[in-house]
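The file structure.cif comes next; it holds mmCIF, C-alpha atoms.
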data_model
#
loop_
_atom_site.label_atom_id
_atom_site.label_comp_id
_atom_site.auth_asym_id
_atom_site.auth_seq_id
_atom_site.Cartn_x
_atom_site.Cartn_y
_atom_site.Cartn_z
CA MET A 1 168.73 204.72 102.44
CA SER A 2 171.86 203.87 104.48
CA GLU A 3 172.31 200.51 106.13
CA PRO A 4 170.44 200.05 109.43
CA ILE A 5 172.56 200.40 112.56
CA VAL A 6 172.29 197.86 115.39
CA ALA A 7 174.09 198.67 118.65
CA ILE A 8 175.23 196.13 121.22
CA VAL A 9 174.90 197.40 124.81
CA GLY A 10 175.36 195.91 128.24
CA ARG A 11 177.51 196.01 131.33
CA PRO A 12 181.17 194.83 131.38
CA ASN A 13 182.14 191.20 130.95
CA VAL A 14 178.83 189.91 129.58
CA GLY A 15 180.51 189.07 126.26
CA LYS A 16 179.54 192.02 124.04
CA SER A 17 182.79 192.12 122.07
CA THR A 18 182.92 188.35 121.70
CA LEU A 19 179.37 188.42 120.33
CA PHE A 20 180.26 191.33 118.05
CA ASN A 21 183.21 189.41 116.59
CA LYS A 22 181.10 186.28 116.15
CA LEU A 23 178.29 188.10 114.32
CA ILE A 24 180.56 189.94 111.85
CA GLY A 25 182.84 186.93 111.38
CA LYS A 26 186.02 188.87 112.15
CA ARG A 27 188.11 189.59 115.22
CA LEU A 28 187.85 193.38 115.26
CA SER A 29 187.11 194.10 118.92
CA ILE A 30 189.66 193.29 121.59
CA VAL A 31 188.34 190.71 124.04
CA ASP A 32 189.61 190.47 127.61
CA ASP A 33 188.24 189.62 131.04
CA THR A 34 189.26 193.05 132.37
CA PRO A 35 186.36 195.53 132.44
CA GLY A 36 187.00 198.57 130.28
CA VAL A 37 189.37 197.09 127.73
CA THR A 38 189.68 199.59 124.88
CA ARG A 39 188.24 198.62 121.50
CA ASP A 40 190.38 199.39 118.45
CA ARG A 41 187.38 199.31 116.10
CA ILE A 42 183.72 199.55 116.92
CA TYR A 43 182.04 199.17 113.54
CA GLY A 44 181.48 196.03 111.53
CA GLU A 45 179.22 194.86 108.74
CA CYS A 46 176.94 191.93 109.44
CA GLU A 47 175.18 189.95 106.70
CA TRP A 48 172.35 187.50 107.33
CA GLU A 49 169.76 186.10 104.92
CA ASN A 50 171.08 188.36 102.12
CA ARG A 51 170.50 191.46 104.22
CA VAL A 52 173.26 193.72 105.49
CA PHE A 53 173.34 196.00 108.52
CA SER A 54 176.00 197.84 110.51
CA LEU A 55 176.83 196.50 113.93
CA VAL A 56 178.42 198.75 116.55
CA ASP A 57 180.18 197.47 119.66
CA THR A 58 179.72 200.24 122.20
CA GLY A 59 182.23 198.85 124.66
CA GLY A 60 181.70 198.17 128.35
CA ILE A 61 181.15 200.69 131.06
CA GLU A 62 184.46 202.06 132.31
CA PRO A 63 183.75 203.65 135.69
CA ALA A 64 186.53 205.64 137.29
CA SER A 65 185.15 204.58 140.69
CA GLN A 66 182.25 202.64 142.09
CA ASP A 67 180.28 205.86 142.55
CA ALA A 68 180.47 206.64 138.80
CA ILE A 69 178.92 203.37 137.59
CA LEU A 70 175.40 204.71 137.08
CA SER A 71 176.39 207.95 135.33
CA GLN A 72 178.88 206.22 133.05
CA MET A 73 176.34 203.53 132.21
CA ARG A 74 173.78 206.14 131.24
CA THR A 75 176.22 207.99 129.02
CA GLN A 76 177.38 204.83 127.27
CA ALA A 77 173.88 203.44 126.77
CA GLN A 78 172.50 206.77 125.55
CA VAL A 79 175.21 207.09 122.90
CA ALA A 80 174.22 203.72 121.48
CA ILE A 81 170.50 204.42 121.68
CA ASP A 82 170.66 207.81 119.93
CA GLY A 83 172.20 206.61 116.71
CA ALA A 84 170.83 203.08 116.35
CA ASP A 85 167.78 201.64 114.60
CA ALA A 86 167.70 198.68 116.99
CA ILE A 87 169.50 197.49 120.11
CA ILE A 88 170.89 194.12 121.19
CA MET A 89 171.08 194.10 124.97
CA VAL A 90 173.53 191.45 126.20
CA THR A 91 173.24 189.88 129.66
CA ASP A 92 175.03 187.03 131.46
CA VAL A 93 173.08 183.92 132.47
CA ARG A 94 175.77 182.95 135.00
CA SER A 95 175.44 186.09 137.11
CA GLY A 96 171.72 186.55 136.56
CA ILE A 97 170.01 189.96 136.56
CA VAL A 98 171.96 192.66 138.40
CA ALA A 99 171.02 196.28 139.13
CA THR A 100 172.94 197.61 136.11
CA ASP A 101 170.96 195.31 133.78
CA GLN A 102 167.73 196.72 135.19
CA GLU A 103 168.88 200.32 134.69
CA VAL A 104 169.84 199.64 131.06
CA ALA A 105 166.51 197.90 130.42
CA VAL A 106 164.60 200.90 131.82
CA MET A 107 166.48 203.31 129.54
CA LEU A 108 165.86 201.13 126.50
CA LYS A 109 162.13 200.91 127.20
CA LYS A 110 161.92 204.70 127.59
CA SER A 111 163.77 205.23 124.28
CA GLY A 112 161.12 203.47 122.22
CA ARG A 113 163.81 201.70 120.18
CA PRO A 114 163.17 198.01 119.34
CA VAL A 115 165.28 195.76 121.54
CA VAL A 116 166.44 192.15 121.30
CA LEU A 117 167.47 190.65 124.64
CA ALA A 118 170.39 188.22 124.35
CA VAL A 119 171.19 186.03 127.35
CA ASN A 120 174.82 185.11 126.81
CA LYS A 121 177.01 182.23 128.06
CA CYS A 122 174.33 179.58 127.50
CA ASP A 123 177.15 177.35 126.26
CA ASN A 124 175.46 173.93 126.40
CA ILE A 125 173.37 172.63 123.50
CA GLY A 126 169.73 171.91 124.26
CA ASP A 127 167.33 173.56 126.65
CA PRO A 128 168.64 176.72 128.32
CA PRO A 129 169.56 176.56 132.03
CA PRO A 130 166.81 177.31 134.57
CA ASP A 131 168.33 180.73 135.36
CA PHE A 132 167.60 181.79 131.76
CA TYR A 133 163.90 182.33 132.49
CA GLU A 134 164.70 184.95 135.13
CA PHE A 135 165.47 187.42 132.31
CA TYR A 136 161.79 187.70 131.38
CA ASN A 137 161.63 190.00 134.42
CA LEU A 138 163.48 192.72 132.48
CA GLY A 139 160.30 193.28 130.47
CA LEU A 140 162.03 193.30 127.06
CA GLY A 141 160.09 190.45 125.51
CA ASP A 142 161.28 186.91 124.87
CA PRO A 143 165.00 186.56 125.64
CA ILE A 144 167.20 184.57 123.26
CA ALA A 145 169.78 182.15 124.64
CA VAL A 146 173.15 182.57 122.92
CA SER A 147 176.75 181.54 123.31
CA SER A 148 179.05 184.20 121.89
CA VAL A 149 182.00 181.81 122.22
CA HIS A 150 180.49 178.80 120.42
CA GLY A 151 177.94 180.62 118.26
CA HIS A 152 174.89 178.79 119.63
CA GLY A 153 171.70 180.77 119.19
CA THR A 154 173.21 183.51 117.03
CA GLY A 155 171.04 182.47 114.08
CA ASP A 156 167.88 182.95 116.16
CA LEU A 157 169.27 186.28 117.39
CA LEU A 158 169.91 187.54 113.85
CA ASP A 159 166.48 186.35 112.69
CA LYS A 160 164.93 188.49 115.43
CA VAL A 161 167.11 191.47 114.50
CA LEU A 162 165.99 191.30 110.86
CA GLN A 163 162.37 191.40 112.00
CA ILE A 164 162.79 194.74 113.78
CA ILE A 165 165.21 196.73 111.60
CA PRO A 166 163.92 198.70 108.60
CA GLN A 167 164.12 197.16 105.15
CA LYS A 168 166.71 198.67 102.84
CA GLN A 169 164.99 199.27 99.52
CA GLU A 170 167.11 200.76 96.77
CA ASP A 171 164.21 201.87 94.60
CA GLU A 172 162.02 203.48 97.25
CA GLN A 173 161.28 207.19 97.03
CA GLU A 174 163.86 208.66 99.32
CA ASN A 175 164.23 212.06 100.86
CA ASP A 176 165.93 214.39 98.38
CA GLU A 177 168.18 215.84 101.09
CA ILE A 178 171.89 215.08 100.84
CA LYS A 179 173.39 214.26 104.23
CA VAL A 180 176.90 215.69 104.54
CA ALA A 181 179.22 214.73 107.41
CA ILE A 182 181.94 217.33 108.10
CA ILE A 183 184.87 215.32 109.44
CA GLY A 184 188.49 215.97 110.26
CA LYS A 185 191.02 216.47 113.04
CA PRO A 186 190.19 218.78 115.95
CA ASN A 187 190.40 222.51 115.26
CA VAL A 188 190.44 222.44 111.45
CA GLY A 189 187.34 224.64 111.25
CA LYS A 190 184.45 222.19 110.93
CA SER A 191 182.08 224.15 113.16
CA SER A 192 183.14 227.46 111.59
CA LEU A 193 182.23 226.08 108.16
CA VAL A 194 178.77 224.98 109.34
CA ASN A 195 178.18 228.40 110.93
CA LYS A 196 179.30 230.24 107.78
CA ILE A 197 177.05 228.17 105.50
CA SER A 198 174.01 228.37 107.78
CA GLY A 199 174.49 232.06 108.49
CA GLN A 200 174.07 231.59 112.22
CA GLU A 201 176.10 230.54 115.25
CA ARG A 202 174.77 226.99 115.10
CA CYS A 203 177.87 225.42 116.64
CA ILE A 204 180.21 226.59 119.37
CA VAL A 205 183.55 227.66 117.86
CA SER A 206 186.75 227.75 119.90
CA ASN A 207 190.46 227.25 119.39
CA ILE A 208 190.30 224.59 122.10
CA ALA A 209 190.40 221.17 120.45
CA GLY A 210 187.41 219.06 121.37
CA THR A 211 184.82 221.83 121.74
CA THR A 212 182.33 219.92 119.60
CA ARG A 213 181.21 216.71 121.30
CA ASP A 214 177.92 215.75 119.62
CA ALA A 215 177.16 215.30 115.92
CA ILE A 216 174.93 218.31 115.21
CA ASP A 217 172.54 218.45 112.24
CA THR A 218 171.95 221.70 110.35
CA ALA A 219 169.49 221.88 107.41
CA VAL A 220 170.57 224.10 104.50
CA GLU A 221 168.87 224.84 101.16
CA ASN A 222 170.50 226.73 98.31
CA GLN A 223 170.68 226.72 94.49
CA TYR A 224 172.44 223.33 94.59
CA GLY A 225 169.65 221.56 96.53
CA LYS A 226 168.76 220.55 100.07
CA PHE A 227 171.50 219.48 102.44
CA VAL A 228 171.80 218.34 106.04
CA LEU A 229 175.21 219.26 107.44
CA ILE A 230 176.44 217.05 110.28
CA ASP A 231 179.18 218.74 112.33
CA THR A 232 181.18 216.07 114.14
CA ALA A 233 183.75 215.98 116.89
CA GLY A 234 187.35 216.04 115.72
CA LEU A 235 188.90 212.59 115.46
CA ARG A 236 192.17 212.48 117.35
CA ARG A 237 194.81 209.80 117.25
CA GLN A 238 193.58 206.88 119.34
CA SER A 239 196.77 206.77 121.41
CA LYS A 240 196.04 210.30 122.62
CA VAL A 241 192.46 209.49 123.47
CA TYR A 242 193.32 206.43 125.50
CA LYS A 243 196.10 208.13 127.44
CA MET A 244 193.73 210.94 128.33
CA ASP A 245 191.29 208.45 129.87
CA ASP A 246 188.56 210.86 128.78
CA GLN A 247 185.22 209.05 128.68
CA ILE A 248 183.40 211.85 126.83
CA GLU A 249 186.11 211.89 124.15
CA ARG A 250 185.54 208.21 123.41
CA TYR A 251 181.81 208.74 123.06
CA SER A 252 182.50 211.63 120.66
CA ILE A 253 184.38 209.21 118.42
CA ILE A 254 181.40 206.85 118.43
CA ARG A 255 179.09 209.71 117.44
CA ALA A 256 181.43 210.88 114.67
CA GLN A 257 181.63 207.38 113.19
CA MET A 258 177.86 207.05 113.38
CA ALA A 259 177.62 210.38 111.51
CA ILE A 260 179.83 208.99 108.75
CA GLU A 261 177.66 205.89 108.57
CA ARG A 262 174.41 207.82 108.05
CA SER A 263 175.84 210.39 105.65
CA ASP A 264 175.78 210.39 101.84
CA VAL A 265 178.90 212.52 101.40
CA CYS A 266 181.84 213.21 103.74
CA VAL A 267 183.66 216.53 103.54
CA ILE A 268 187.15 215.79 104.85
CA MET A 269 188.63 219.03 106.15
CA ILE A 270 192.36 219.59 106.48
CA ASP A 271 194.26 222.64 107.73
CA ALA A 272 196.07 224.48 104.93
CA THR A 273 198.45 226.12 107.41
CA GLU A 274 199.45 222.76 108.87
CA GLY A 275 199.42 220.62 105.73
CA PHE A 276 198.72 216.91 105.34
CA THR A 277 199.22 214.69 108.39
CA GLU A 278 198.92 210.99 109.07
CA GLN A 279 195.72 211.64 111.02
CA ASP A 280 194.14 213.26 107.93
CA SER A 281 194.81 210.02 106.08
CA LYS A 282 193.16 207.97 108.84
CA VAL A 283 190.09 210.20 108.96
CA ALA A 284 189.73 209.99 105.17
CA GLY A 285 190.17 206.22 105.39
CA LEU A 286 187.06 205.93 107.59
CA ALA A 287 184.93 207.59 104.91
CA HIS A 288 186.59 205.58 102.13
CA GLU A 289 186.02 202.24 103.90
CA ALA A 290 182.39 203.20 104.55
CA GLY A 291 181.93 203.69 100.78
CA LYS A 292 180.79 207.31 101.05
CA GLY A 293 181.11 210.06 98.49
CA CYS A 294 184.06 212.25 99.48
CA VAL A 295 185.33 215.80 98.98
CA ILE A 296 188.53 217.11 100.53
CA ALA A 297 188.23 220.73 101.66
CA VAL A 298 191.51 222.50 102.39
CA ASN A 299 190.46 225.12 104.94
CA LYS A 300 192.19 228.34 106.10
CA TRP A 301 193.42 228.99 102.56
CA ASP A 302 193.15 232.73 103.25
CA ALA A 303 195.89 232.37 105.90
CA VAL A 304 198.44 230.86 103.48
CA GLU A 305 201.07 233.03 101.81
CA LYS A 306 200.82 232.23 98.13
CA ASP A 307 201.61 233.14 94.56
CA ASP A 308 200.13 232.01 91.24
CA LYS A 309 201.72 228.53 91.58
CA THR A 310 200.96 227.76 95.23
CA MET A 311 197.57 226.09 94.71
CA GLN A 312 198.81 223.94 91.83
CA GLU A 313 201.81 222.74 93.84
CA TYR A 314 199.67 222.13 96.94
CA ARG A 315 197.17 220.13 94.87
CA LYS A 316 199.90 217.93 93.37
CA LYS A 317 201.24 217.12 96.83
CA LEU A 318 197.74 216.26 98.10
CA GLU A 319 197.14 213.98 95.11
CA THR A 320 200.24 212.04 96.20
CA ASP A 321 199.24 212.05 99.87
CA PHE A 322 195.72 210.82 99.05
CA ALA A 323 196.81 208.35 96.37
CA PHE A 324 194.56 205.69 97.92
CA MET A 325 191.59 207.97 97.09
CA SER A 326 192.50 208.88 93.52
CA TYR A 327 188.82 209.61 92.76
CA VAL A 328 188.50 212.46 95.26
CA SER A 329 188.22 216.17 94.36
CA PHE A 330 189.98 219.00 96.20
CA VAL A 331 188.67 222.49 96.95
CA PHE A 332 190.58 225.28 98.70
CA ILE A 333 188.23 227.18 100.99
CA SER A 334 188.05 229.60 103.88
CA ALA A 335 185.35 228.99 106.46
CA ASN A 336 186.17 232.44 107.81
CA THR A 337 185.56 234.43 104.60
CA GLY A 338 183.31 232.02 102.71
CA GLN A 339 185.81 231.64 99.87
CA ARG A 340 184.82 228.90 97.33
CA ILE A 341 181.94 227.55 99.42
CA ASP A 342 179.80 227.56 96.26
CA ARG A 343 182.37 225.32 94.58
CA LEU A 344 182.30 223.04 97.64
CA PHE A 345 178.55 222.52 97.20
CA GLU A 346 179.02 221.74 93.49
CA LEU A 347 181.49 218.99 94.39
CA ILE A 348 179.25 217.64 97.18
CA LYS A 349 176.32 217.40 94.77
CA HIS A 350 178.44 215.66 92.13
CA ALA A 351 179.89 213.20 94.68
CA ALA A 352 176.39 212.33 95.93
CA ASN A 353 175.15 211.72 92.36
CA SER A 354 178.18 209.57 91.54
CA ASN A 355 177.81 207.56 94.74
CA ALA A 356 174.18 206.76 93.90
CA MET A 357 174.64 206.19 90.14
CA ARG A 358 173.20 203.03 88.58
CA ILE A 359 174.42 201.79 85.19
CA THR A 360 172.51 199.29 83.08
CA THR A 361 174.06 195.88 82.44
CA GLY A 362 173.95 196.38 78.67
CA THR A 363 175.88 199.65 78.87
CA LEU A 364 178.42 198.16 81.26
CA ASN A 365 179.15 195.26 78.93
CA ASP A 366 179.56 197.59 75.95
CA ILE A 367 182.25 199.41 77.93
CA LEU A 368 183.76 196.06 78.95
CA ALA A 369 183.98 194.94 75.32
CA GLN A 370 185.68 198.19 74.28
CA ALA A 371 188.10 198.08 77.22
CA THR A 372 189.15 194.43 76.66
CA ALA A 373 189.60 195.09 72.94
CA ARG A 374 191.90 198.03 73.67
CA VAL A 375 193.95 196.25 76.40
CA GLN A 376 193.92 192.44 76.41
CA PRO A 377 193.20 190.78 79.78
CA PRO A 378 196.31 189.35 81.50
CA THR A 379 197.62 185.80 81.06
CA ASP A 380 199.47 183.45 83.39
CA LYS A 381 201.23 180.27 82.23
CA GLY A 382 199.41 180.35 78.93
CA LYS A 383 195.96 180.85 80.48
CA ARG A 384 194.18 184.11 79.68
CA LEU A 385 191.62 185.84 81.86
CA LYS A 386 188.14 185.83 80.36
CA ILE A 387 185.53 188.27 81.65
CA TYR A 388 182.15 186.87 80.59
CA TYR A 389 180.05 189.81 81.68
CA MET A 390 179.66 192.53 84.28
CA THR A 391 176.63 193.80 86.20
CA GLN A 392 176.05 196.39 88.91
CA ALA A 393 175.06 194.85 92.23
CA SER A 394 174.33 197.96 94.26
CA THR A 395 174.86 201.69 94.72
CA LYS A 396 176.36 203.77 97.53
CA PRO A 397 179.04 203.01 96.53
CA PRO A 398 178.69 201.67 92.97
CA THR A 399 179.53 197.96 93.25
CA PHE A 400 180.10 195.79 90.19
CA ILE A 401 180.18 192.00 89.87
CA CYS A 402 182.51 190.54 87.24
CA PHE A 403 182.00 186.91 86.18
CA VAL A 404 185.31 185.39 85.04
CA ASN A 405 186.93 182.07 84.22
CA ASP A 406 189.65 182.37 86.90
CA ALA A 407 189.52 184.93 89.74
CA GLU A 408 193.28 184.66 90.39
CA LEU A 409 194.02 185.96 86.88
CA PHE A 410 192.01 189.14 87.53
CA HIS A 411 194.95 191.17 88.82
CA PHE A 412 194.47 194.39 90.74
CA SER A 413 196.10 196.40 87.94
CA TYR A 414 193.51 195.22 85.41
CA GLN A 415 190.68 195.96 87.85
CA ARG A 416 192.05 199.48 88.17
CA TYR A 417 192.14 199.78 84.37
CA LEU A 418 188.48 198.78 84.07
CA GLU A 419 187.56 201.09 86.95
CA ASN A 420 189.22 204.02 85.18
CA ARG A 421 187.33 203.26 81.96
CA ILE A 422 184.01 203.26 83.86
CA ARG A 423 184.92 206.46 85.68
CA GLU A 424 185.89 208.24 82.46
CA THR A 425 182.69 207.19 80.70
CA PHE A 426 180.25 208.20 83.44
CA GLY A 427 182.19 210.90 85.27
CA LEU A 428 182.27 208.92 88.52
CA GLU A 429 184.28 211.43 90.56
CA GLY A 430 184.09 211.71 94.30
CA THR A 431 183.02 208.13 95.04
CA PRO A 432 184.82 204.83 95.63
CA VAL A 433 184.01 201.99 93.21
CA ARG A 434 184.07 198.36 94.30
CA PHE A 435 184.47 195.14 92.33
CA MET A 436 183.31 191.66 93.30
CA ILE A 437 184.90 188.82 91.34
CA ARG A 438 182.94 185.63 90.73
CA GLU A 439 184.05 182.54 88.85
CA ARG A 440 181.53 180.90 86.54
CA GLY A 441 179.26 178.59 88.51
CA GLU A 442 180.09 180.33 91.82
CA LYS A 443 177.12 181.72 93.75
#

Could I get this file's structure written as structure tokens?
Amino acid sequence: MSEPIVAIVGRPNVGKSTLFNKLIGKRLSIVDDTPGVTRDRIYGECEWENRVFSLVDTGGIEPASQDAILSQMRTQAQVAIDGADAIIMVTDVRSGIVATDQEVAVMLKKSGRPVVLAVNKCDNIGDPPPDFYEFYNLGLGDPIAVSSVHGHGTGDLLDKVLQIIPQKQEDEQENDEIKVAIIGKPNVGKSSLVNKISGQERCIVSNIAGTTRDAIDTAVENQYGKFVLIDTAGLRRQSKVYKMDDQIERYSIIRAQMAIERSDVCVIMIDATEGFTEQDSKVAGLAHEAGKGCVIAVNKWDAVEKDDKTMQEYRKKLETDFAFMSYVSFVFISANTGQRIDRLFELIKHAANSNAMRITTGTLNDILAQATARVQPPTDKGKRLKIYYMTQASTKPPTFICFVNDAELFHFSYQRYLENRIRETFGLEGTPVRFMIRERGEK
């Protein structure tokens, strides 16, 4: 199963982004006292007590006027609720309970999602201030006093979160459906592809960019297995989104990124008539960073003038453009005619299998011995890298731990060499592979 998703919700200026940054240990969200500051990134990975979950900073409410506060709050809160396994509702002890807090609390109770109530800005160590106890009136259980600036109470908050999110068990019997997120720029044919595969007008199709707003699930079964296709909104360049001041557009981005998070494989669609763009690289980077299986589908191939060398030349150029994803496979399709859709499903199936592959420690170390015998590990100032052994830590994506004598000697080029040997041996195409380097005696 994918990692649980925990969303942080609340009104502006209660410290959501500061808490988000504190919990993930990185400064990813922009923090400012101005309500409605745009967040450059909304996803982060949080680890606590050897458990990992995805944290999403939903951003504050950004009302265009005072009259729009309630409607904007509902939209923002509902986006977070729909895709999350649990919610952290953040409030401000200094201002006490306000009407917006009460509205959010009502929506959360109606949703049925488990909620942890965090009362922020309790900056002093010791007993919480008297105003803290007012927050029991929201009816969300025992509030937890936290300071997002100093980190007080965040351990108690994370303990509570772990109690209410589902356990991630690698060996449990999972649903045999493969979840496939169709991602890409606006107007590359994502909805047309879903409609062609499903054989029905499941999604609205238009030449107007931004027609699709929600991530829509479509179940499909064919000779390759069972699939759930998730049609997502097109991901535009952020500069365009922010200049548009389009609230719905920003929520579409949140939904699309949530779709990537809960998918097994991402089909990254690009427009054959337009060619590779910088935005295609950014969209693919989201799937790559999330560790998902990936297939690049070049759509509208039927609209390209070609000869017997066109596809080969196009493929070579794409291999250069997507050099950071050297493992990915390409397929040239037409969502309009259905050309090569069968081949697309073959690649999706293979990418899903590769992403979930587990290799025994004994087999891995046999490959390691052969690889180090063929190409000696690097040396520096007379000291040679020694790799004692290798083991697989997890799947989705395959993650390997290498125990070595000196982590600094394990250069990126030698990691890439070992990765290629593993890929060749097990046919690991369509999935990223990650390495974790540990020195002997290091936990």

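What the PyMOL selection byres ((chain A and resi 117) around 10) matches in the given file is Ile87, Ile88, Met89, Val90, Thr91, Ala105, Val115, Val116, Ala118, Val119, Asn120, Phe135, Tyr136, Leu138, Gly139, Leu140, Gly141, Asp142, Pro143, Ile144, Ala145, Leu157 and Lys160 of chain A.
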
Mind writing the picked residues with C-alpha atoms as a CSV table (one decimal), in the frame of the given file?
chain,number,residue,atom,x,y,z
A,87,ILE,CA,169.5,197.5,120.1
A,88,ILE,CA,170.9,194.1,121.2
A,89,MET,CA,171.1,194.1,125.0
A,90,VAL,CA,173.5,191.4,126.2
A,91,THR,CA,173.2,189.9,129.7
A,105,ALA,CA,166.5,197.9,130.4
A,115,VAL,CA,165.3,195.8,121.5
A,116,VAL,CA,166.4,192.2,121.3
A,118,ALA,CA,170.4,188.2,124.4
A,119,VAL,CA,171.2,186.0,127.4
A,120,ASN,CA,174.8,185.1,126.8
A,135,PHE,CA,165.5,187.4,132.3
A,136,TYR,CA,161.8,187.7,131.4
A,138,LEU,CA,163.5,192.7,132.5
A,139,GLY,CA,160.3,193.3,130.5
A,140,LEU,CA,162.0,193.3,127.1
A,141,GLY,CA,160.1,190.4,125.5
A,142,ASP,CA,161.3,186.9,124.9
A,143,PRO,CA,165.0,186.6,125.6
A,144,ILE,CA,167.2,184.6,123.3
A,145,ALA,CA,169.8,182.2,124.6
A,157,LEU,CA,169.3,186.3,117.4
A,160,LYS,CA,164.9,188.5,115.4

Name the residues captured by the PyMOL selection byres ((chain A and resi 429) around 12) when it is applied to the shown file; answer as a PDB file with C-alpha atoms, keeping the file's coordinate frame.
ATOM      1  CA  LYS A 292     180.790 207.310 101.050  1.00  0.00           C
ATOM      2  CA  GLY A 293     181.110 210.060  98.490  1.00  0.00           C
ATOM      3  CA  CYS A 294     184.060 212.250  99.480  1.00  0.00           C
ATOM      4  CA  VAL A 295     185.330 215.800  98.980  1.00  0.00           C
ATOM      5  CA  MET A 325     191.590 207.970  97.090  1.00  0.00           C
ATOM      6  CA  SER A 326     192.500 208.880  93.520  1.00  0.00           C
ATOM      7  CA  TYR A 327     188.820 209.610  92.760  1.00  0.00           C
ATOM      8  CA  VAL A 328     188.500 212.460  95.260  1.00  0.00           C
ATOM      9  CA  SER A 329     188.220 216.170  94.360  1.00  0.00           C
ATOM     10  CA  PHE A 330     189.980 219.000  96.200  1.00  0.00           C
ATOM     11  CA  GLU A 346     179.020 221.740  93.490  1.00  0.00           C
ATOM     12  CA  LEU A 347     181.490 218.990  94.390  1.00  0.00           C
ATOM     13  CA  ILE A 348     179.250 217.640  97.180  1.00  0.00           C
ATOM     14  CA  LYS A 349     176.320 217.400  94.770  1.00  0.00           C
ATOM     15  CA  HIS A 350     178.440 215.660  92.130  1.00  0.00           C
ATOM     16  CA  ALA A 351     179.890 213.200  94.680  1.00  0.00           C
ATOM     17  CA  ALA A 352     176.390 212.330  95.930  1.00  0.00           C
ATOM     18  CA  ASN A 353     175.150 211.720  92.360  1.00  0.00           C
ATOM     19  CA  SER A 354     178.180 209.570  91.540  1.00  0.00           C
ATOM     20  CA  ASN A 355     177.810 207.560  94.740  1.00  0.00           C
ATOM     21  CA  ALA A 356     174.180 206.760  93.900  1.00  0.00           C
ATOM     22  CA  MET A 357     174.640 206.190  90.140  1.00  0.00           C
ATOM     23  CA  PRO A 397     179.040 203.010  96.530  1.00  0.00           C
ATOM     24  CA  PRO A 398     178.690 201.670  92.970  1.00  0.00           C
ATOM     25  CA  GLU A 419     187.560 201.090  86.950  1.00  0.00           C
ATOM     26  CA  ASN A 420     189.220 204.020  85.180  1.00  0.00           C
ATOM     27  CA  ILE A 422     184.010 203.260  83.860  1.00  0.00           C
ATOM     28  CA  ARG A 423     184.920 206.460  85.680  1.00  0.00           C
ATOM     29  CA  GLU A 424     185.890 208.240  82.460  1.00  0.00           C
ATOM     30  CA  THR A 425     182.690 207.190  80.700  1.00  0.00           C
ATOM     31  CA  PHE A 426     180.250 208.200  83.440  1.00  0.00           C
ATOM     32  CA  GLY A 427     182.190 210.900  85.270  1.00  0.00           C
ATOM     33  CA  LEU A 428     182.270 208.920  88.520  1.00  0.00           C
ATOM     34  CA  GLY A 430     184.090 211.710  94.300  1.00  0.00           C
ATOM     35  CA  THR A 431     183.020 208.130  95.040  1.00  0.00           C
ATOM     36  CA  PRO A 432     184.820 204.830  95.630  1.00  0.00           C
ATOM     37  CA  VAL A 433     184.010 201.990  93.210  1.00  0.00           C
TER      38      VAL A 433
END

Original post:
Counting all atoms listed in the file, what is within 6 Å of segment 260-276 of chain A, bar same-chain residues fewer than 2 positions away, as a list of chain:residue names?
Top reply: A:Ser2, A:Lys179, A:Val180, A:Ala181, A:Ile182, A:Ile183, A:Gly184, A:Val188, A:Gln257, A:Met258, A:Lys292, A:Gly293, A:Cys294, A:Val295, A:Ile296, A:Ala297, A:Val298, A:Asn299, A:Lys300, A:Trp301

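The interatomic distance for the pair atom CA of Gly25 of chain A and atom CA of Lys121 of chain A works out to 18.3 Å.
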
Please define a box with edges along x, y and z of the file around all atoms of segment 120-128 of chain A given in the file, extend it by 3 Å on each side, and return its centre and edge lengths in Å to one decimal, as AutoDock Vina command-line options.
--center_x 172.2 --center_y 178.5 --center_z 125.9 --size_x 15.8 --size_y 19.2 --size_z 10.8

Subject >> Close residues, Leu158 of chain A itself excluded, 10 Å, all atoms listed in the file, min 2 positions apart in chain, as a PyMOL selection string >> reply: chain A and resi 23+46-49+88+116+153-156+160-163

Store the residues of this selection in a file with C-alpha atoms, as a CSV table (one decimal), in the coordinates of the input.
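Wrote it out as again12.csv, contents follow:
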chain,number,residue,atom,x,y,z
A,23,LEU,CA,178.3,188.1,114.3
A,46,CYS,CA,176.9,191.9,109.4
A,47,GLU,CA,175.2,190.0,106.7
A,48,TRP,CA,172.4,187.5,107.3
A,49,GLU,CA,169.8,186.1,104.9
A,88,ILE,CA,170.9,194.1,121.2
A,116,VAL,CA,166.4,192.2,121.3
A,153,GLY,CA,171.7,180.8,119.2
A,154,THR,CA,173.2,183.5,117.0
A,155,GLY,CA,171.0,182.5,114.1
A,156,ASP,CA,167.9,183.0,116.2
A,160,LYS,CA,164.9,188.5,115.4
A,161,VAL,CA,167.1,191.5,114.5
A,162,LEU,CA,166.0,191.3,110.9
A,163,GLN,CA,162.4,191.4,112.0

Subject >> Hits from the PyMOL selection byres ((chain A and resi 438) around 12), listed as a ChimeraX atom specification >> reply: /A:386-391,400-410,435-437,439-443

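Going from atom CA of Gln223 of chain A to atom CA of Ser334 of chain A covers 20.0 Å.
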
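Atom CA of Val93 of chain A sits 14.4 Å away from atom CA of Ile125 of chain A.
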
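Polymer residues near (185.0, 226.4, 110.2): counting all atoms listed in the file with a cut-off of 8 Å, they are Val188, Gly189, Lys190, Ser191, Ser192, Leu193, Val194, Asn195, Lys196, Val205, Asn299, Ser334, Ala335 and Asn336 of chain A.
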
Original post:
Of the residues A:Ala219, A:Ile333, A:Ala259, A:Val106, which is the one nearest to Val304 of chain A, using only C-alpha atoms?
Top reply: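 Of the candidates, the smallest distance to Val304 of chain A is held by A:Ile333.
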